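Enquirer: Input file: query_26.txt. Contents: compact mmCIF, C-alpha atoms and all ligand atoms.
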# COMPACT_ATOMS: atom_id res chain seq x y z
CA MET A 1 6.62 13.78 6.88
CA ASP A 2 6.80 13.11 10.58
CA PHE A 3 10.26 13.70 12.13
CA LYS A 4 9.78 10.63 14.30
CA LEU A 5 9.34 8.46 11.21
CA LEU A 6 12.62 9.60 9.60
CA PRO A 7 14.89 6.96 11.22
CA TYR A 8 12.76 4.26 9.56
CA ILE A 9 12.94 5.61 6.00
CA THR A 10 15.69 4.26 3.78
CA CYS A 11 16.91 4.84 0.23
CA PRO A 12 14.92 2.84 -2.35
CA CYS A 13 18.24 1.95 -4.02
CA HIS A 14 20.12 1.15 -0.77
CA ARG A 15 17.38 -0.19 1.40
CA GLU A 16 19.41 -0.58 4.56
CA THR A 17 20.69 3.04 4.45
CA PRO A 18 18.47 5.56 6.30
CA LEU A 19 17.84 8.83 4.50
CA ARG A 20 19.20 11.94 6.19
CA VAL A 21 17.65 15.39 6.26
CA GLU A 22 19.33 17.52 3.59
CA GLN A 23 17.13 20.58 3.80
CA ILE A 24 14.03 21.66 5.69
CA GLY A 25 11.71 24.26 4.21
CA ARG A 26 8.37 24.43 5.99
CA VAL A 27 7.43 22.53 9.18
CA VAL A 28 3.81 22.21 10.30
CA ASP A 29 2.73 20.43 13.52
CA GLY A 30 6.10 18.71 13.94
CA ALA A 31 6.11 17.37 10.38
CA ILE A 32 8.14 18.39 7.32
CA GLU A 33 5.87 19.96 4.68
CA THR A 34 8.66 20.86 2.28
CA GLY A 35 12.28 19.79 2.28
CA ARG A 36 14.69 17.19 1.00
CA LEU A 37 16.10 13.89 2.24
CA ARG A 38 19.39 12.46 0.99
CA CYS A 39 21.00 9.04 0.80
CA SER A 40 24.47 9.03 2.36
CA HIS A 41 25.39 6.03 0.20
CA CYS A 42 24.52 7.23 -3.34
CA ALA A 43 23.95 10.96 -2.57
CA THR A 44 20.56 10.90 -4.31
CA SER A 45 18.32 13.66 -3.00
CA TYR A 46 14.55 13.18 -2.69
CA PRO A 47 11.99 16.02 -2.36
CA ILE A 48 9.19 16.34 0.18
CA VAL A 49 6.39 18.43 -1.32
CA ASP A 50 3.14 19.13 0.52
CA GLY A 51 4.21 16.61 3.15
CA ILE A 52 4.62 13.75 0.63
CA LEU A 53 8.07 12.24 0.14
CA ASP A 54 8.67 11.47 -3.54
CA LEU A 55 11.18 8.67 -4.16
CA LEU A 56 10.27 8.10 -7.80
CA GLY A 57 10.72 11.44 -9.55
CA ARG A 58 9.95 11.16 -13.26
CA GLN A 59 9.37 7.41 -13.32
CA TRP A 60 6.63 6.53 -15.81
CA PRO A 61 3.76 4.13 -15.10
CA GLY A 62 4.56 0.63 -16.37
CA SER A 63 1.08 -0.31 -17.60
CA ILE A 64 -2.25 1.16 -18.71
CA ALA A 65 -3.72 0.33 -15.28
CA GLN A 66 -0.92 2.21 -13.53
CA PHE A 67 -1.32 5.09 -16.00
CA VAL A 68 -5.05 5.39 -15.23
CA ASN A 69 -4.18 5.70 -11.54
CA VAL A 70 -2.03 8.77 -12.13
CA LEU A 71 -4.91 10.64 -13.75
CA PRO A 72 -6.21 13.30 -11.31
CA LEU A 73 -9.83 12.41 -12.20
CA ALA A 74 -9.25 8.74 -11.31
CA ALA A 75 -7.68 9.74 -8.01
CA TRP A 76 -10.60 12.05 -7.23
CA ALA A 77 -13.26 9.50 -8.20
CA TYR A 78 -11.80 6.29 -6.76
CA GLU A 79 -13.22 6.36 -3.21
CA ARG A 80 -16.20 8.50 -4.21
CA THR A 81 -17.51 6.00 -6.74
CA TRP A 82 -16.10 2.50 -7.24
CA ARG A 83 -14.47 1.68 -3.89
CA PRO A 84 -17.52 1.56 -1.56
CA LEU A 85 -19.29 -0.83 -3.98
CA ALA A 86 -16.31 -2.88 -5.09
CA LEU A 87 -16.41 -5.82 -2.71
CA SER A 88 -20.19 -6.25 -2.84
CA ILE A 89 -20.00 -6.43 -6.66
CA LEU A 90 -16.92 -8.66 -6.76
CA SER A 91 -17.90 -11.03 -3.95
CA GLY A 92 -21.57 -11.35 -4.93
CA GLU A 93 -22.71 -10.67 -1.36
CA GLN A 94 -23.27 -7.65 0.88
CA PHE A 95 -19.74 -6.49 1.65
CA PRO A 96 -19.83 -2.88 2.90
CA LEU A 97 -16.60 -1.05 3.71
CA GLU A 98 -17.17 -1.41 7.49
CA ARG A 99 -17.08 -5.21 7.17
CA GLU A 100 -13.92 -5.13 5.03
CA LEU A 101 -12.09 -2.65 7.26
CA THR A 102 -12.96 -4.52 10.46
CA LEU A 103 -11.62 -7.69 8.89
CA ILE A 104 -8.40 -5.99 7.77
CA THR A 105 -7.61 -4.26 11.08
CA GLU A 106 -8.45 -7.31 13.19
CA LEU A 107 -6.43 -9.68 11.02
CA ALA A 108 -3.52 -7.23 10.98
CA GLY A 109 -3.32 -7.16 14.79
CA VAL A 110 -2.98 -3.38 14.96
CA GLU A 111 -2.87 -3.50 18.76
CA ARG A 112 0.81 -4.57 18.46
CA GLY A 113 1.63 -1.05 17.19
CA GLY A 114 4.92 -0.31 15.40
CA LEU A 115 5.45 0.50 11.74
CA MET A 116 2.32 -0.26 9.67
CA ILE A 117 2.42 0.15 5.90
CA ASP A 118 -0.43 0.26 3.38
CA VAL A 119 1.14 -0.78 0.05
CA GLY A 120 -0.62 0.59 -3.06
CA CYS A 121 -2.78 2.71 -0.77
CA SER A 122 -4.61 4.80 -3.45
CA ASN A 123 -6.87 7.17 -1.45
CA GLY A 124 -5.57 5.69 1.83
CA LEU A 125 -8.62 3.65 2.84
CA TYR A 126 -6.71 0.90 4.69
CA ALA A 127 -4.16 3.40 6.04
CA ARG A 128 -6.95 5.42 7.70
CA ALA A 129 -8.52 2.26 9.14
CA LEU A 130 -5.16 1.19 10.58
CA GLU A 131 -4.53 4.60 12.16
CA GLN A 132 -8.05 4.74 13.64
CA ALA A 133 -7.59 1.25 15.10
CA ARG A 134 -4.13 2.15 16.41
CA ARG A 135 -5.53 5.18 18.19
CA ARG A 136 -8.39 3.18 19.71
CA SER A 137 -5.98 0.63 21.10
CA GLY A 138 -3.70 3.40 22.44
CA VAL A 139 -0.42 1.85 21.22
CA ASP A 140 2.52 3.73 19.76
CA GLY A 141 3.16 3.44 16.07
CA PHE A 142 3.16 4.97 12.63
CA VAL A 143 1.00 4.36 9.61
CA VAL A 144 2.54 4.94 6.19
CA GLY A 145 0.74 4.86 2.83
CA ILE A 146 2.79 3.97 -0.26
CA ASP A 147 1.71 4.41 -3.87
CA LEU A 148 3.15 5.06 -7.33
CA SER A 149 0.58 7.74 -8.07
CA LEU A 150 1.09 11.26 -6.74
CA PRO A 151 -2.55 12.32 -7.36
CA MET A 152 -3.71 9.27 -5.37
CA LEU A 153 -1.38 10.21 -2.51
CA GLN A 154 -2.50 13.85 -2.57
CA GLU A 155 -6.13 12.75 -2.30
CA ALA A 156 -5.17 10.26 0.45
CA ARG A 157 -3.44 13.00 2.41
CA GLN A 158 -6.45 15.33 2.17
CA ARG A 159 -8.77 12.57 3.33
CA ALA A 160 -6.53 11.68 6.27
CA ARG A 161 -6.29 15.33 7.31
CA ARG A 162 -10.05 15.86 7.06
CA ALA A 163 -10.48 12.83 9.32
CA GLY A 164 -7.95 14.31 11.78
CA LEU A 165 -5.58 11.39 11.27
CA HIS A 166 -1.82 11.59 11.22
CA ILE A 167 -0.59 9.38 8.37
CA ASN A 168 2.62 9.68 6.37
CA PHE A 169 2.53 9.22 2.61
CA ILE A 170 5.44 8.24 0.37
CA ARG A 171 5.54 7.91 -3.40
CA ALA A 172 7.47 4.69 -3.88
CA SER A 173 7.30 1.37 -5.65
CA ALA A 174 5.96 -1.77 -3.99
CA GLN A 175 9.01 -3.52 -5.44
CA ALA A 176 11.44 -1.19 -3.61
CA LEU A 177 9.92 -0.29 -0.25
CA PRO A 178 12.01 2.35 1.52
CA PHE A 179 12.45 0.65 4.88
CA ALA A 180 15.16 -1.50 6.42
CA SER A 181 14.72 -5.26 6.76
CA GLY A 182 12.58 -6.57 9.59
CA THR A 183 11.09 -3.21 10.57
CA ALA A 184 7.39 -3.59 9.70
CA SER A 185 4.91 -4.96 12.22
CA VAL A 186 1.99 -4.73 9.78
CA LEU A 187 1.78 -4.73 5.98
CA VAL A 188 -1.56 -4.45 4.21
CA MET A 189 -2.54 -4.32 0.57
CA GLY A 190 -6.04 -3.79 -0.78
CA GLY A 191 -6.55 -4.90 -4.36
CA SER A 192 -3.15 -3.66 -5.51
CA LEU A 193 -1.53 -7.03 -6.11
CA ASN A 194 -3.60 -7.33 -9.29
CA GLU A 195 -1.99 -4.28 -10.89
CA ILE A 196 1.33 -4.07 -9.11
CA GLY A 197 3.43 -5.48 -11.97
CA ASP A 198 6.16 -7.80 -10.70
CA ILE A 199 4.34 -9.82 -8.01
CA PRO A 200 7.34 -11.95 -6.91
CA ALA A 201 9.45 -8.80 -6.36
CA ALA A 202 6.64 -7.13 -4.37
CA LEU A 203 6.14 -10.17 -2.14
CA ALA A 204 9.91 -10.51 -1.67
CA GLU A 205 9.74 -7.00 -0.20
CA TRP A 206 7.04 -8.17 2.25
CA ARG A 207 9.30 -11.04 3.31
CA ARG A 208 12.24 -8.65 3.77
CA LEU A 209 10.29 -6.03 5.71
CA LEU A 210 8.20 -8.13 8.07
CA ALA A 211 9.53 -8.15 11.63
CA PRO A 212 9.74 -11.56 13.36
CA ARG A 213 6.23 -11.18 14.80
CA GLY A 214 5.02 -9.06 11.88
CA ARG A 215 1.94 -9.84 9.87
CA GLY A 216 0.80 -9.15 6.33
CA VAL A 217 -2.84 -8.96 5.27
CA MET A 218 -3.78 -8.83 1.63
CA MET A 219 -7.08 -8.45 -0.19
CA SER A 220 -6.69 -9.50 -3.82
CA LEU A 221 -8.81 -10.70 -6.71
CA ALA A 222 -8.54 -14.26 -7.96
CA ALA A 223 -9.16 -15.67 -11.42
CA ALA A 224 -12.88 -15.96 -12.15
CA SER A 225 -14.31 -19.46 -12.45
CA GLY A 226 -16.97 -18.69 -15.13
CA GLN A 227 -16.20 -18.26 -18.83
CA LEU A 228 -17.63 -14.71 -18.98
CA GLY A 229 -15.56 -13.57 -16.00
CA ARG A 230 -12.42 -15.21 -17.40
CA THR A 231 -12.90 -13.52 -20.77
CA PHE A 232 -13.35 -10.14 -19.08
CA GLN A 233 -10.24 -10.66 -16.94
CA GLN A 234 -8.23 -11.70 -20.01
CA ALA A 235 -9.25 -8.45 -21.72
CA LEU A 236 -8.11 -6.49 -18.65
CA GLY A 237 -4.82 -8.39 -18.79
CA SER A 238 -3.70 -6.34 -21.79
CA GLY A 239 -3.98 -3.25 -19.56
CA GLY A 240 -1.61 -4.75 -17.01
CA LEU A 241 -4.08 -6.36 -14.60
CA GLN A 242 -3.30 -9.91 -13.40
CA PHE A 243 -5.71 -12.36 -11.81
CA PRO A 244 -3.79 -15.33 -10.42
CA THR A 245 -5.73 -18.45 -9.41
CA LEU A 246 -5.70 -19.25 -5.70
CA ASP A 247 -3.01 -21.88 -6.33
CA GLU A 248 -0.87 -19.41 -8.27
CA LEU A 249 -1.28 -16.78 -5.55
CA ASN A 250 -0.24 -19.26 -2.88
CA GLN A 251 2.76 -20.32 -4.97
CA TYR A 252 3.85 -16.67 -5.19
CA VAL A 253 3.52 -16.42 -1.41
CA ALA A 254 5.52 -19.60 -0.79
CA GLN A 255 8.21 -18.68 -3.34
CA ALA A 256 8.69 -15.33 -1.60
CA GLY A 257 9.45 -17.25 1.61
CA LEU A 258 6.22 -16.12 3.29
CA GLN A 259 3.97 -18.47 5.23
CA LEU A 260 0.26 -18.44 4.54
CA ARG A 261 -1.49 -18.38 7.93
CA ALA A 262 -5.13 -18.07 6.87
CA GLN A 263 -7.21 -17.41 3.78
CA TRP A 264 -10.85 -16.73 2.95
CA GLN A 265 -12.53 -16.38 -0.43
CA TYR A 266 -15.83 -14.58 -1.22
CA GLY A 267 -16.58 -14.73 -4.95
CA ILE A 268 -13.30 -13.65 -6.55
CA VAL A 269 -12.27 -11.63 -3.46
CA VAL A 270 -9.51 -13.32 -1.45
CA PHE A 271 -8.21 -12.29 1.99
CA SER A 272 -4.82 -13.78 2.87
CA VAL A 273 -2.84 -13.50 6.10
CA VAL A 274 0.91 -14.09 5.74
CA GLN A 275 3.92 -14.04 8.02
C1 LIG A 301 -6.66 -1.15 -6.69
S1 LIG A 301 -5.85 0.32 -6.28
C2 LIG A 301 -5.62 0.16 -4.53
C3 LIG A 301 -6.80 0.41 -3.69
C4 LIG A 301 -6.54 0.67 -2.26
N1 LIG A 301 -5.52 -0.16 -1.69
C5 LIG A 301 -7.85 0.50 -1.53
O1 LIG A 301 -7.98 -0.50 -0.82
O2 LIG A 301 -8.72 1.36 -1.69
C6 LIG A 301 -4.21 0.05 -6.80
C7 LIG A 301 -3.21 1.13 -6.42
O3 LIG A 301 -1.91 0.56 -6.51
C8 LIG A 301 -1.03 1.52 -7.04
N2 LIG A 301 0.09 0.79 -7.64
C9 LIG A 301 0.07 0.03 -8.79
N3 LIG A 301 1.27 -0.53 -8.96
C10 LIG A 301 2.05 -0.14 -7.93
C11 LIG A 301 3.41 -0.41 -7.56
N4 LIG A 301 4.18 -1.20 -8.29
N5 LIG A 301 3.90 0.17 -6.45
C12 LIG A 301 3.11 0.99 -5.69
N6 LIG A 301 1.82 1.27 -5.98
C13 LIG A 301 1.30 0.71 -7.08
C14 LIG A 301 -1.86 2.31 -8.03
O4 LIG A 301 -1.32 3.59 -8.25
C15 LIG A 301 -3.22 2.34 -7.33
O5 LIG A 301 -3.37 3.50 -6.56
I'd like the structure from this file rewritten - as structure tokens, please.
Expert:
Amino acid sequence: MDFKLLPYITCPCHRETPLRVEQIGRVVDGAIETGRLRCSHCATSYPIVDGILDLLGRQWPGSIAQFVNVLPLAAWAYERTWRPLALSILSGEQFPLERELTLITELAGVERGGLMIDVGCSNGLYARALEQARRRSGVDGFVVGIDLSLPMLQEARQRARRAGLHINFIRASAQALPFASGTASVLVMGGSLNEIGDIPAALAEWRRLLAPRGRGVMMSLAAASGQLGRTFQQALGSGGLQFPTLDELNQYVAQAGLQLRAQWQYGIVVFSVVQ
């Protein structure tokens, strides 16, 4: 956990109260590897272990989909197996990762720098793309990856380190992002909306966090149009996955007080830019 990021991190229960350093164990390359942060409002203390700040403690996954993501095997396999193929399969056209990541970083406007957050980051694919783009453009800023699953965050951290990228990872809920209002210049989310649980609460957090010129970019999966696809999605629904139609998605966006700036659909894959 980067010392320079600390002023931005707030208590998930008192989201305008910055966390203070309670204890520092090990420091490596100017970042806290082990230690504790504390909320001055409610006195809750949160551990940093292996560089990852854990704001959730013993919180259990709320659905089968979220449970699968805390399995170490799922975390290990995610970017090694499914992720590189996902968009080509789901869009029905050639959609390699390079195309997706270029789209995400260009739409996000990384060259503005500042606090950039990958919500539901899994293995940190978008977070790494944001940090690489930030470096190329030479602006100041921080990239933070947020996820419920500790194994996903551990894998994300290893991947970022192997790539020589400095990214901070926090175990937190998309419905209680640990940052003060109006502090994020970029929010991204790749596929997580479909399994995030309470979508209105998660999008309300985007509205709260986005700075006046901030931008949110989301890749999500829409309801299938064919009967077979719809039946499959309904079956996945019992595991906690949701597939809103485009209209429903856009209603969620509007109800959260966000403005939809642009949207593209390829098969069931939807890219949305919000402010
Ligand atoms: C589809 S994967 C995300 C993939 C990743 N964004 C990518 O582009 O490779 C969904 C991730 O969201 C996380 N997740 C699910 N519900 C969440 C919530 N309420 N808050 C934070 N993370 C959540 C899961 O643990 C999982 O790692």
Enquirer: So what do you get for atom CA of Ala204 of chain A versus atom CA of Gly257 of chain A, distance-wise?
Expert: 7.5 Å
Enquirer: To one decimal place, how far is atom CA of Val27 of chain A from atom CA of Arg161 of chain A in Å?
Expert: 15.6 Å
Enquirer: Which residues of chain A have any atom within 9 Å of an atom in ligand LIG 301 (chain A) when counting only C-alpha atoms and all ligand atoms, and what is the closest pair of atoms for each, with the distance in Å to one decimal? Order the rows by chain and rising number and write it as a Markdown table.
Expert:
| residue | atom | partner | partner_atom | distance |
| --- | --- | --- | --- | --- |
| A:Pro61 | CA | A:LIG301 | N3 | 8.1 |
| A:Gly62 | CA | A:LIG301 | N3 | 8.2 |
| A:Ser63 | CA | A:LIG301 | N3 | 8.6 |
| A:Ala65 | CA | A:LIG301 | C9 | 7.5 |
| A:Gln66 | CA | A:LIG301 | C9 | 5.3 |
| A:Phe67 | CA | A:LIG301 | O4 | 7.9 |
| A:Val68 | CA | A:LIG301 | O4 | 8.1 |
| A:Asn69 | CA | A:LIG301 | O4 | 4.8 |
| A:Val70 | CA | A:LIG301 | O4 | 6.5 |
| A:Ala75 | CA | A:LIG301 | O5 | 7.7 |
| A:Tyr78 | CA | A:LIG301 | O2 | 7.7 |
| A:Glu79 | CA | A:LIG301 | O2 | 6.9 |
| A:Arg83 | CA | A:LIG301 | O2 | 6.2 |
| A:Pro84 | CA | A:LIG301 | O2 | 8.8 |
| A:Asp118 | CA | A:LIG301 | N1 | 7.2 |
| A:Val119 | CA | A:LIG301 | C12 | 6.3 |
| A:Gly120 | CA | A:LIG301 | O3 | 3.7 |
| A:Cys121 | CA | A:LIG301 | N1 | 4.1 |
| A:Ser122 | CA | A:LIG301 | O5 | 3.6 |
| A:Asn123 | CA | A:LIG301 | O2 | 6.1 |
| A:Gly124 | CA | A:LIG301 | O2 | 6.4 |
| A:Leu125 | CA | A:LIG301 | O2 | 5.1 |
| A:Tyr126 | CA | A:LIG301 | O1 | 5.8 |
| A:Ala127 | CA | A:LIG301 | N1 | 8.6 |
| A:Ile146 | CA | A:LIG301 | C12 | 6.2 |
| A:Asp147 | CA | A:LIG301 | N6 | 3.8 |
| A:Leu148 | CA | A:LIG301 | N6 | 4.2 |
| A:Ser149 | CA | A:LIG301 | O4 | 4.6 |
| A:Leu150 | CA | A:LIG301 | O4 | 8.2 |
| A:Pro151 | CA | A:LIG301 | O4 | 8.9 |
| A:Met152 | CA | A:LIG301 | O5 | 5.9 |
| A:Leu153 | CA | A:LIG301 | O5 | 8.1 |
| A:Arg171 | CA | A:LIG301 | C12 | 7.7 |
| A:Ala172 | CA | A:LIG301 | C12 | 6.0 |
| A:Ser173 | CA | A:LIG301 | N5 | 3.7 |
| A:Ala174 | CA | A:LIG301 | N5 | 3.7 |
| A:Gln175 | CA | A:LIG301 | N4 | 6.1 |
| A:Ala176 | CA | A:LIG301 | N5 | 8.2 |
| A:Leu177 | CA | A:LIG301 | N5 | 8.7 |
| A:Val188 | CA | A:LIG301 | N1 | 8.3 |
| A:Met189 | CA | A:LIG301 | N1 | 5.6 |
| A:Gly190 | CA | A:LIG301 | N1 | 3.8 |
| A:Gly191 | CA | A:LIG301 | C1 | 4.4 |
| A:Ser192 | CA | A:LIG301 | C6 | 4.1 |
| A:Leu193 | CA | A:LIG301 | C6 | 7.6 |
| A:Asn194 | CA | A:LIG301 | C1 | 7.4 |
| A:Glu195 | CA | A:LIG301 | C9 | 5.2 |
| A:Ile196 | CA | A:LIG301 | N3 | 3.5 |
| A:Gly197 | CA | A:LIG301 | N4 | 5.7 |
| A:Asp198 | CA | A:LIG301 | N4 | 7.3 |
| A:Ile199 | CA | A:LIG301 | N4 | 8.6 |
| A:Ala202 | CA | A:LIG301 | N4 | 7.5 |
| A:Met219 | CA | A:LIG301 | O1 | 8.0 |
| A:Ser220 | CA | A:LIG301 | C1 | 8.8 |
Enquirer: I'd like the box whose edges run along x, y and z of the file and which contains every listed atom of segment 3-11 of chain A, padded by 6 Å per side; could you state its centre and edge lengths in Å, one decimal, as AutoDock Vina command-line options?
Expert:
--center_x 13.1 --center_y 9.0 --center_z 7.3 --size_x 19.6 --size_y 21.4 --size_z 26.1
Enquirer: Hey, can you check how far atom CA of Gln132 of chain A sits from atom CA of Ile104 of chain A?
Expert: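 Atom CA of Ile104 of chain A lies 12.2 Å from atom CA of Gln132 of chain A.
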Enquirer: Of the candidates A:Leu103, A:Leu236, A:Pro200, A:Gln23, which shows the shortest atom-to-atom distance to Ser272 of chain A, using all atoms listed in the file?
Expert: A:Leu103
Enquirer: Between A:Leu241, A:Thr231, A:Gly35, A:Glu131, which residue has the minimum interatomic distance to Gly164 of chain A, considering all atoms listed in the file?
Expert: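 For Gly164 of chain A, the nearest of the candidates is A:Glu131.
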Enquirer: Quick one: residues within 8 Å of Glu33 of chain A, only C-alpha atoms counted, chain neighbours fewer than 6 positions away excluded, as a PyMOL selection string?
Expert: chain A and resi 1+25-27+48-52
Enquirer: May I ask which of the residues A:Ala74, A:Arg128, A:Leu228, A:Cys11 is the closest one to Thr105 of chain A, counting only C-alpha atoms?
Expert: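 The closest residue to Thr105 of chain A is A:Arg128.
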Enquirer: Tell me which of A:Leu71, A:Cys13, A:Ala160, A:Val269 sits closest to Ser88 of chain A, counting only C-alpha atoms.
Expert: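 Of A:Leu71, A:Cys13, A:Ala160, A:Val269, the one nearest Ser88 of chain A is A:Val269, counting only C-alpha atoms.
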Enquirer: Take the point (15.3, 6.4, -1.0) in the file's coordinates, draw a sphere of radius 10 Å around it, and report as an mmCIF file with C-alpha atoms, in the frame of the given file every protein, DNA or RNA residue with an atom inside or on it, counting all atoms listed in the file.
Expert:
data_model
loop_
_atom_site.group_PDB
_atom_site.id
_atom_site.type_symbol
_atom_site.label_atom_id
_atom_site.label_comp_id
_atom_site.auth_asym_id
_atom_site.auth_seq_id
_atom_site.Cartn_x
_atom_site.Cartn_y
_atom_site.Cartn_z
ATOM 1 C CA ILE A 9 12.940 5.610 6.000
ATOM 2 C CA THR A 10 15.690 4.260 3.780
ATOM 3 C CA CYS A 11 16.910 4.840 0.230
ATOM 4 C CA PRO A 12 14.920 2.840 -2.350
ATOM 5 C CA CYS A 13 18.240 1.950 -4.020
ATOM 6 C CA HIS A 14 20.120 1.150 -0.770
ATOM 7 C CA ARG A 15 17.380 -0.190 1.400
ATOM 8 C CA GLU A 16 19.410 -0.580 4.560
ATOM 9 C CA THR A 17 20.690 3.040 4.450
ATOM 10 C CA PRO A 18 18.470 5.560 6.300
ATOM 11 C CA LEU A 19 17.840 8.830 4.500
ATOM 12 C CA ARG A 20 19.200 11.940 6.190
ATOM 13 C CA LEU A 37 16.100 13.890 2.240
ATOM 14 C CA ARG A 38 19.390 12.460 0.990
ATOM 15 C CA CYS A 39 21.000 9.040 0.800
ATOM 16 C CA CYS A 42 24.520 7.230 -3.340
ATOM 17 C CA ALA A 43 23.950 10.960 -2.570
ATOM 18 C CA THR A 44 20.560 10.900 -4.310
ATOM 19 C CA SER A 45 18.320 13.660 -3.000
ATOM 20 C CA TYR A 46 14.550 13.180 -2.690
ATOM 21 C CA LEU A 53 8.070 12.240 0.140
ATOM 22 C CA ASP A 54 8.670 11.470 -3.540
ATOM 23 C CA LEU A 55 11.180 8.670 -4.160
ATOM 24 C CA LEU A 56 10.270 8.100 -7.800
ATOM 25 C CA ALA A 172 7.470 4.690 -3.880
ATOM 26 C CA ALA A 176 11.440 -1.190 -3.610
ATOM 27 C CA LEU A 177 9.920 -0.290 -0.250
ATOM 28 C CA PRO A 178 12.010 2.350 1.520
ATOM 29 C CA PHE A 179 12.450 0.650 4.880
#
Enquirer: Give the answer as one residue: which of A:Leu5, A:Gly113, A:Gln242, A:Ser181 has the shortest atom-to-atom distance to Ile167 of chain A, using all atoms listed in the file?
Expert: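 The shortest atom-to-atom distance to Ile167 of chain A comes from A:Leu5.
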